[in-house]
>>> print(open('entry08.txt').read())   # compact mmCIF, N, CA and C atoms
# COMPACT_ATOMS: atom_id res chain seq x y z
N MET A 22 95.30 141.15 122.82
CA MET A 22 93.97 141.17 122.26
C MET A 22 93.76 139.89 121.45
N ALA A 23 92.63 139.27 121.62
CA ALA A 23 92.35 138.02 120.92
C ALA A 23 92.12 138.29 119.43
N GLU A 24 92.55 137.36 118.63
CA GLU A 24 92.42 137.51 117.20
C GLU A 24 91.00 137.18 116.77
N ARG A 25 90.49 137.94 115.82
CA ARG A 25 89.16 137.65 115.30
C ARG A 25 89.22 136.43 114.40
N SER A 26 88.15 135.72 114.36
CA SER A 26 88.09 134.53 113.53
C SER A 26 88.11 134.89 112.06
N TRP A 27 88.67 134.04 111.27
CA TRP A 27 88.76 134.23 109.83
C TRP A 27 87.37 134.35 109.22
N ASN A 28 86.38 133.69 109.73
CA ASN A 28 85.05 133.71 109.14
C ASN A 28 84.14 134.77 109.72
N ARG A 29 84.63 135.60 110.62
CA ARG A 29 83.77 136.62 111.21
C ARG A 29 84.19 137.99 110.71
N GLY A 30 83.22 138.82 110.44
CA GLY A 30 83.49 140.18 110.00
C GLY A 30 83.79 140.23 108.52
N GLY A 31 83.26 141.19 107.85
CA GLY A 31 83.52 141.34 106.42
C GLY A 31 82.68 140.41 105.59
N PRO A 32 82.68 140.59 104.28
CA PRO A 32 81.88 139.74 103.40
C PRO A 32 82.38 138.31 103.39
N GLN A 33 81.48 137.40 103.39
CA GLN A 33 81.82 135.98 103.40
C GLN A 33 81.08 135.26 102.28
N PRO A 34 81.63 134.16 101.79
CA PRO A 34 80.91 133.38 100.79
C PRO A 34 79.71 132.71 101.45
N PRO A 35 78.74 132.28 100.66
CA PRO A 35 77.58 131.61 101.24
C PRO A 35 78.00 130.40 102.05
N ALA A 36 77.21 130.07 103.06
CA ALA A 36 77.50 128.91 103.90
C ALA A 36 77.56 127.66 103.03
N GLN A 37 78.45 126.77 103.40
CA GLN A 37 78.62 125.53 102.65
C GLN A 37 78.18 124.36 103.50
N PRO A 38 77.23 123.60 103.03
CA PRO A 38 76.84 122.43 103.82
C PRO A 38 77.96 121.39 103.79
N THR A 39 78.13 120.71 104.91
CA THR A 39 79.09 119.62 104.96
C THR A 39 78.48 118.46 104.21
N GLN A 40 79.24 117.87 103.35
CA GLN A 40 78.73 116.76 102.56
C GLN A 40 79.67 115.57 102.67
N ALA A 41 79.15 114.41 102.40
CA ALA A 41 79.97 113.21 102.43
C ALA A 41 81.01 113.27 101.32
N PRO A 42 82.18 112.68 101.53
CA PRO A 42 83.19 112.68 100.48
C PRO A 42 82.64 112.03 99.21
N VAL A 43 82.98 112.61 98.05
CA VAL A 43 82.48 112.09 96.79
C VAL A 43 83.11 110.76 96.43
N ALA A 44 84.33 110.57 96.82
CA ALA A 44 85.03 109.34 96.49
C ALA A 44 86.06 109.05 97.57
N GLN A 45 86.55 107.85 97.60
CA GLN A 45 87.57 107.49 98.58
C GLN A 45 88.95 108.00 98.16
N GLN A 46 89.10 108.36 96.90
CA GLN A 46 90.38 108.86 96.41
C GLN A 46 90.66 110.22 97.04
N LEU A 47 91.89 110.43 97.45
CA LEU A 47 92.31 111.72 98.00
C LEU A 47 93.03 112.52 96.93
N PRO A 48 93.18 113.82 97.13
CA PRO A 48 93.87 114.66 96.14
C PRO A 48 95.31 114.20 95.90
N PRO A 49 95.83 114.52 94.71
CA PRO A 49 97.24 114.22 94.43
C PRO A 49 98.12 114.88 95.47
N ARG A 50 99.24 114.28 95.75
CA ARG A 50 100.25 114.76 96.72
C ARG A 50 99.88 114.45 98.17
N VAL A 51 98.63 114.10 98.49
CA VAL A 51 98.28 113.79 99.87
C VAL A 51 98.77 112.38 100.17
N THR A 52 99.66 112.29 101.16
CA THR A 52 100.23 110.99 101.52
C THR A 52 99.58 110.39 102.76
N ARG A 53 98.86 111.19 103.51
CA ARG A 53 98.17 110.68 104.70
C ARG A 53 96.91 109.95 104.27
N SER A 54 96.46 109.04 105.13
CA SER A 54 95.25 108.28 104.82
C SER A 54 94.01 109.10 105.15
N ARG A 55 92.90 108.66 104.60
CA ARG A 55 91.61 109.30 104.90
C ARG A 55 91.35 109.27 106.41
N SER A 56 91.64 108.16 107.07
CA SER A 56 91.39 108.07 108.51
C SER A 56 92.29 109.02 109.31
N GLU A 57 93.52 109.23 108.86
CA GLU A 57 94.41 110.19 109.53
C GLU A 57 93.86 111.61 109.39
N LEU A 58 93.40 111.96 108.19
CA LEU A 58 92.81 113.28 107.98
C LEU A 58 91.54 113.47 108.81
N GLU A 59 90.71 112.44 108.86
CA GLU A 59 89.47 112.52 109.65
C GLU A 59 89.79 112.67 111.14
N LYS A 60 90.81 111.97 111.61
CA LYS A 60 91.19 112.08 113.03
C LYS A 60 91.68 113.48 113.34
N LEU A 61 92.50 114.06 112.47
CA LEU A 61 92.96 115.43 112.70
C LEU A 61 91.78 116.40 112.71
N ARG A 62 90.88 116.25 111.76
CA ARG A 62 89.68 117.09 111.72
C ARG A 62 88.89 116.98 113.03
N ASP A 63 88.67 115.75 113.47
CA ASP A 63 87.90 115.52 114.70
C ASP A 63 88.62 116.06 115.93
N ASP A 64 89.94 115.91 115.98
CA ASP A 64 90.71 116.45 117.10
C ASP A 64 90.63 117.98 117.14
N ALA A 65 90.66 118.60 115.97
CA ALA A 65 90.55 120.06 115.91
C ALA A 65 89.16 120.51 116.35
N LEU A 66 88.14 119.79 115.92
CA LEU A 66 86.76 120.12 116.34
C LEU A 66 86.61 119.99 117.85
N THR A 67 87.14 118.94 118.43
CA THR A 67 87.09 118.72 119.87
C THR A 67 87.87 119.79 120.61
N SER A 68 89.00 120.19 120.06
CA SER A 68 89.87 121.19 120.70
C SER A 68 89.24 122.57 120.76
N GLN A 69 88.26 122.84 119.91
CA GLN A 69 87.62 124.15 119.91
C GLN A 69 86.94 124.48 121.24
N SER A 70 86.54 123.47 121.98
CA SER A 70 85.87 123.71 123.26
C SER A 70 86.87 123.83 124.42
N MET A 71 88.14 123.63 124.15
CA MET A 71 89.17 123.69 125.19
C MET A 71 89.68 125.12 125.36
N GLN A 72 90.32 125.37 126.49
CA GLN A 72 91.00 126.65 126.70
C GLN A 72 92.22 126.68 125.79
N PRO A 73 92.54 127.85 125.21
CA PRO A 73 93.66 127.92 124.26
C PRO A 73 94.96 127.32 124.78
N GLY A 74 95.28 127.51 126.04
CA GLY A 74 96.52 126.98 126.59
C GLY A 74 96.53 125.47 126.73
N ASP A 75 95.35 124.84 126.65
CA ASP A 75 95.26 123.39 126.79
C ASP A 75 95.33 122.64 125.46
N VAL A 76 95.25 123.37 124.36
CA VAL A 76 95.33 122.74 123.04
C VAL A 76 96.79 122.43 122.76
N ARG A 77 97.04 121.24 122.30
CA ARG A 77 98.42 120.77 122.12
C ARG A 77 98.99 121.16 120.75
N MET A 78 99.28 122.46 120.62
CA MET A 78 99.93 123.00 119.42
C MET A 78 101.02 123.94 119.90
N ILE A 79 102.27 123.55 119.75
CA ILE A 79 103.36 124.39 120.26
C ILE A 79 103.71 125.53 119.32
N TRP A 80 103.23 125.51 118.11
CA TRP A 80 103.61 126.49 117.09
C TRP A 80 102.72 127.73 117.08
N VAL A 81 101.74 127.81 117.95
CA VAL A 81 100.78 128.91 117.90
C VAL A 81 100.66 129.58 119.27
N SER A 82 100.51 130.90 119.29
CA SER A 82 100.32 131.60 120.55
C SER A 82 98.87 131.43 120.99
N PRO A 83 98.58 131.56 122.29
CA PRO A 83 97.21 131.36 122.78
C PRO A 83 96.17 132.23 122.06
N ASP A 84 96.53 133.44 121.68
CA ASP A 84 95.53 134.29 121.02
C ASP A 84 95.27 133.88 119.57
N GLY A 85 96.04 132.97 119.02
CA GLY A 85 95.82 132.51 117.65
C GLY A 85 95.24 131.12 117.54
N VAL A 86 95.00 130.46 118.68
CA VAL A 86 94.53 129.07 118.66
C VAL A 86 93.21 128.92 117.92
N ALA A 87 92.25 129.80 118.17
CA ALA A 87 90.94 129.68 117.52
C ALA A 87 91.06 129.74 116.00
N SER A 88 91.85 130.68 115.48
CA SER A 88 92.04 130.78 114.03
C SER A 88 92.79 129.58 113.47
N ALA A 89 93.79 129.11 114.19
CA ALA A 89 94.55 127.94 113.73
C ALA A 89 93.67 126.69 113.68
N LEU A 90 92.85 126.49 114.70
CA LEU A 90 91.94 125.34 114.71
C LEU A 90 90.94 125.43 113.56
N GLU A 91 90.41 126.61 113.35
CA GLU A 91 89.48 126.82 112.25
C GLU A 91 90.14 126.47 110.92
N ALA A 92 91.39 126.87 110.74
CA ALA A 92 92.13 126.57 109.52
C ALA A 92 92.35 125.07 109.35
N ILE A 93 92.68 124.40 110.43
CA ILE A 93 92.90 122.95 110.37
C ILE A 93 91.61 122.25 109.96
N ILE A 94 90.50 122.67 110.54
CA ILE A 94 89.20 122.08 110.20
C ILE A 94 88.86 122.34 108.74
N HIS A 95 88.99 123.58 108.30
CA HIS A 95 88.68 123.92 106.90
C HIS A 95 89.57 123.14 105.93
N THR A 96 90.85 123.06 106.25
CA THR A 96 91.78 122.41 105.34
C THR A 96 91.55 120.90 105.27
N THR A 97 91.35 120.26 106.42
CA THR A 97 91.10 118.81 106.37
C THR A 97 89.78 118.50 105.68
N ARG A 98 88.76 119.30 105.93
CA ARG A 98 87.48 119.07 105.24
C ARG A 98 87.63 119.26 103.73
N TRP A 99 88.42 120.22 103.33
CA TRP A 99 88.66 120.46 101.90
C TRP A 99 89.41 119.26 101.30
N LEU A 100 90.43 118.78 101.99
CA LEU A 100 91.20 117.64 101.50
C LEU A 100 90.37 116.36 101.46
N LEU A 101 89.37 116.26 102.33
CA LEU A 101 88.50 115.08 102.37
C LEU A 101 87.33 115.18 101.39
N GLY A 102 87.15 116.34 100.78
CA GLY A 102 86.03 116.52 99.86
C GLY A 102 84.74 116.91 100.56
N GLU A 103 84.82 117.33 101.81
CA GLU A 103 83.65 117.72 102.59
C GLU A 103 83.36 119.22 102.49
N ARG A 104 84.28 119.94 101.94
CA ARG A 104 84.17 121.40 101.83
C ARG A 104 84.50 121.77 100.39
N GLU A 105 83.62 122.56 99.78
CA GLU A 105 83.82 122.91 98.38
C GLU A 105 84.89 123.97 98.17
N ARG A 106 84.89 125.00 98.99
CA ARG A 106 85.80 126.13 98.79
C ARG A 106 87.14 125.88 99.47
N ALA A 107 88.19 126.26 98.77
CA ALA A 107 89.54 126.09 99.30
C ALA A 107 89.78 127.05 100.46
N PRO A 108 90.54 126.60 101.45
CA PRO A 108 90.93 127.55 102.50
C PRO A 108 91.84 128.61 101.87
N ILE A 109 91.89 129.76 102.46
CA ILE A 109 92.68 130.91 102.01
C ILE A 109 92.05 131.59 100.78
N THR A 110 91.94 130.90 99.66
CA THR A 110 91.49 131.55 98.42
C THR A 110 89.98 131.53 98.24
N ARG A 111 89.31 130.59 98.86
CA ARG A 111 87.85 130.40 98.74
C ARG A 111 87.43 130.02 97.32
N GLU A 112 88.38 129.52 96.53
CA GLU A 112 88.08 129.12 95.16
C GLU A 112 87.41 127.74 95.15
N LEU A 113 86.66 127.49 94.09
CA LEU A 113 86.04 126.18 93.88
C LEU A 113 86.93 125.35 92.97
N HIS A 114 87.08 124.07 93.30
CA HIS A 114 87.89 123.16 92.49
C HIS A 114 87.17 121.83 92.43
N ASN A 115 87.43 121.07 91.38
CA ASN A 115 86.85 119.74 91.25
C ASN A 115 87.62 118.77 92.12
N TYR A 116 86.90 118.04 92.95
CA TYR A 116 87.52 117.06 93.83
C TYR A 116 87.73 115.78 93.04
N PRO A 117 88.83 115.11 93.15
CA PRO A 117 89.96 115.31 94.04
C PRO A 117 91.11 116.12 93.43
N ASP A 118 90.88 116.76 92.29
CA ASP A 118 91.95 117.53 91.62
C ASP A 118 92.11 118.91 92.27
N LEU A 119 92.61 118.92 93.48
CA LEU A 119 92.77 120.15 94.23
C LEU A 119 94.20 120.68 94.10
N PRO A 120 94.36 121.99 94.00
CA PRO A 120 95.70 122.58 93.90
C PRO A 120 96.36 122.69 95.27
N VAL A 121 96.68 121.57 95.85
CA VAL A 121 97.20 121.51 97.21
C VAL A 121 98.46 122.35 97.37
N GLY A 122 99.39 122.22 96.46
CA GLY A 122 100.64 122.98 96.54
C GLY A 122 100.41 124.47 96.43
N ARG A 123 99.50 124.88 95.58
CA ARG A 123 99.22 126.31 95.41
C ARG A 123 98.60 126.91 96.66
N ILE A 124 97.73 126.15 97.32
CA ILE A 124 97.11 126.64 98.56
C ILE A 124 98.17 126.76 99.65
N ALA A 125 99.09 125.81 99.72
CA ALA A 125 100.17 125.90 100.70
C ALA A 125 101.03 127.13 100.42
N GLY A 126 101.31 127.39 99.16
CA GLY A 126 102.09 128.58 98.79
C GLY A 126 101.36 129.87 99.13
N ARG A 127 100.06 129.90 98.90
CA ARG A 127 99.26 131.08 99.23
C ARG A 127 99.23 131.30 100.74
N ALA A 128 99.18 130.21 101.50
CA ALA A 128 99.21 130.32 102.97
C ALA A 128 100.55 130.89 103.43
N THR A 129 101.63 130.42 102.84
CA THR A 129 102.96 130.95 103.18
C THR A 129 103.04 132.43 102.87
N ASP A 130 102.54 132.82 101.70
CA ASP A 130 102.53 134.24 101.34
C ASP A 130 101.75 135.06 102.36
N ALA A 131 100.60 134.55 102.79
CA ALA A 131 99.76 135.28 103.76
C ALA A 131 100.45 135.43 105.11
N ILE A 132 101.27 134.47 105.48
CA ILE A 132 101.99 134.55 106.76
C ILE A 132 102.98 135.71 106.74
N PHE A 133 103.66 135.88 105.62
CA PHE A 133 104.74 136.85 105.56
C PHE A 133 104.35 138.20 104.96
N THR A 134 103.08 138.39 104.65
CA THR A 134 102.60 139.69 104.19
C THR A 134 101.58 140.21 105.19
N ASP A 135 101.33 141.46 105.13
CA ASP A 135 100.34 142.06 106.03
C ASP A 135 98.99 142.07 105.32
N ASP A 136 98.38 140.89 105.18
CA ASP A 136 97.11 140.75 104.50
C ASP A 136 95.99 140.86 105.53
N PRO A 137 95.22 141.94 105.53
CA PRO A 137 94.18 142.11 106.54
C PRO A 137 93.03 141.11 106.39
N GLU A 138 92.94 140.47 105.23
CA GLU A 138 91.87 139.51 104.98
C GLU A 138 92.15 138.13 105.60
N ILE A 139 93.43 137.81 105.79
CA ILE A 139 93.79 136.47 106.24
C ILE A 139 94.69 136.58 107.47
N PRO A 140 94.17 136.22 108.64
CA PRO A 140 95.01 136.27 109.84
C PRO A 140 96.21 135.32 109.73
N GLU A 141 97.31 135.74 110.32
CA GLU A 141 98.54 134.95 110.28
C GLU A 141 98.35 133.54 110.83
N TRP A 142 97.61 133.40 111.94
CA TRP A 142 97.45 132.08 112.54
C TRP A 142 96.55 131.18 111.70
N TYR A 143 95.59 131.76 111.00
CA TYR A 143 94.77 130.96 110.08
C TYR A 143 95.66 130.45 108.95
N ALA A 144 96.44 131.34 108.36
CA ALA A 144 97.35 130.95 107.28
C ALA A 144 98.33 129.87 107.77
N GLY A 145 98.83 130.03 108.99
CA GLY A 145 99.73 129.04 109.55
C GLY A 145 99.08 127.68 109.72
N GLY A 146 97.81 127.69 110.12
CA GLY A 146 97.07 126.43 110.26
C GLY A 146 96.89 125.73 108.93
N VAL A 147 96.58 126.49 107.89
CA VAL A 147 96.45 125.91 106.55
C VAL A 147 97.79 125.35 106.10
N LYS A 148 98.84 126.14 106.24
CA LYS A 148 100.18 125.71 105.81
C LYS A 148 100.61 124.44 106.53
N ARG A 149 100.50 124.41 107.83
CA ARG A 149 100.93 123.23 108.59
C ARG A 149 100.08 122.00 108.28
N THR A 150 98.80 122.19 108.06
CA THR A 150 97.93 121.05 107.74
C THR A 150 98.28 120.47 106.38
N VAL A 151 98.49 121.34 105.40
CA VAL A 151 98.86 120.86 104.06
C VAL A 151 100.23 120.18 104.09
N GLU A 152 101.18 120.79 104.79
CA GLU A 152 102.52 120.17 104.88
C GLU A 152 102.43 118.79 105.52
N TRP A 153 101.68 118.66 106.60
CA TRP A 153 101.54 117.37 107.28
C TRP A 153 100.84 116.36 106.37
N ALA A 154 99.80 116.81 105.66
CA ALA A 154 99.02 115.91 104.80
C ALA A 154 99.83 115.41 103.61
N THR A 155 100.83 116.17 103.20
CA THR A 155 101.59 115.81 102.00
C THR A 155 102.98 115.27 102.28
N SER A 156 103.38 115.22 103.55
CA SER A 156 104.73 114.75 103.87
C SER A 156 104.72 113.89 105.13
N PRO A 157 105.17 112.64 105.02
CA PRO A 157 105.21 111.78 106.20
C PRO A 157 106.23 112.25 107.24
N ALA A 158 107.13 113.16 106.86
CA ALA A 158 108.16 113.63 107.78
C ALA A 158 107.70 114.81 108.65
N LYS A 159 106.59 115.43 108.30
CA LYS A 159 106.13 116.62 109.04
C LYS A 159 105.33 116.23 110.28
N GLU A 160 105.44 117.07 111.31
CA GLU A 160 104.69 116.84 112.54
C GLU A 160 103.22 117.20 112.36
N ARG A 161 102.40 116.49 113.06
CA ARG A 161 100.96 116.74 113.06
C ARG A 161 100.69 118.12 113.66
N PRO A 162 99.78 118.92 113.08
CA PRO A 162 99.51 120.26 113.62
C PRO A 162 98.99 120.27 115.06
N ILE A 163 98.22 119.25 115.42
CA ILE A 163 97.76 119.07 116.82
C ILE A 163 98.34 117.76 117.28
N PHE A 164 99.08 117.80 118.37
CA PHE A 164 99.68 116.57 118.88
C PHE A 164 98.62 115.65 119.45
N GLU A 165 98.85 114.36 119.29
CA GLU A 165 97.90 113.37 119.82
C GLU A 165 98.13 113.19 121.30
>>> encode(input="entry08.txt", output="C-alpha cells")
Amino acid sequence: MAERSWNRGGPQPPAQPTQAPVAQQLPPRVTRSRSELEKLRDDALTSQSMQPGDVRMIWVSPDGVASALEAIIHTTRWLLGERERAPITRELHNYPDLPVGRIAGRATDAIFTDDPEIPEWYAGGVKRTVEWATSPAKERPIFE
C-alpha cells in the first residue's frame, strides 16, 4: 500500500508562500553551499514527476519515495530560508539561526518510534538531508 503524504490528511498549518532567501548566510553547521542546496531541492522537485523506481535513492522503498522527496524539498527550503516552518516539528525559527541538530534528532526519533503523525520515509528524508547538508562525508539523498 502506498504511503500517504506527510501533508495530506489531518490538521495542517496554514500554507506558506515560498519566499526569496532573506540573506546569503546559511544556518550554523551547514557545510554545503547555497548552490548545492538549491540543486538538491530542484532535483527533488523534478523527481516528483518520475516513477518511484526511477528516482535515484537507494535508501528508500518505492512506496516511500513520495514522502522522502517531500521531506527533501521541505528541508532544503527550510535551510535556504524559503520555508518558515521547520520540517518534522513545524516550529517557527528566526533565519538563519535554525536548530538544525535538533531537527535531525527529532527526525531520528520519528524513524524509530511509531509516530502516526510523521511517516518513517518523511523522517528519513529530513534526517538524510540534514546529515548531507552538515557533513561533507555524507552521501547526497538523491544521487546525481
>>> closest_residue(input="entry08.txt", among="A:Leu58, A:Met71, A:Val147, A:Val51", to="Glu103 of chain A", atoms="only C-alpha atoms")
A:Leu58
>>> closest_residue(input="entry08.txt", among="A:Ser56, A:Glu112, A:Glu91, A:Val81", to="Gln69 of chain A", atoms="all atoms listed in the file")
A:Glu91
>>> atom_distance(input="entry08.txt", atom1="atom CA of Arg53 of chain A", atom2="atom CA of Val151 of chain A")
10.2 Å
>>> select_by_dssp(input="entry08.txt", residues="chain A", states="alpha helix (DSSP H)", output="PyMOL selection string")
chain A and resi 55-68+86-101+121-133+141-155
>>> closest_residue(input="entry08.txt", among="A:Val121, A:Ile109, A:Ile93, A:Leu100", to="Met78 of chain A", atoms="only C-alpha atoms")
A:Ile93
>>> atom_distance(input="entry08.txt", atom1="atom CA of Ala128 of chain A", atom2="atom CA of Lys148 of chain A")
5.5 Å
>>> closest_residue(input="entry08.txt", among="A:Gln45, A:Lys60, A:Pro162, A:Arg106", to="Thr150 of chain A", atoms="only C-alpha atoms")
A:Pro162
>>> residues_around(input="entry08.txt", residues="Asp130 of chain A", least_positions_apart="6", cutoff="8 Å", atoms="all atoms listed in the file", output="list in words")
Ile124, Asp136 and Ala144 of chain A
>>> atom_distance(input="entry08.txt", atom1="atom N of His95 of chain A", atom2="atom C of Arg161 of chain A")
14.0 Å
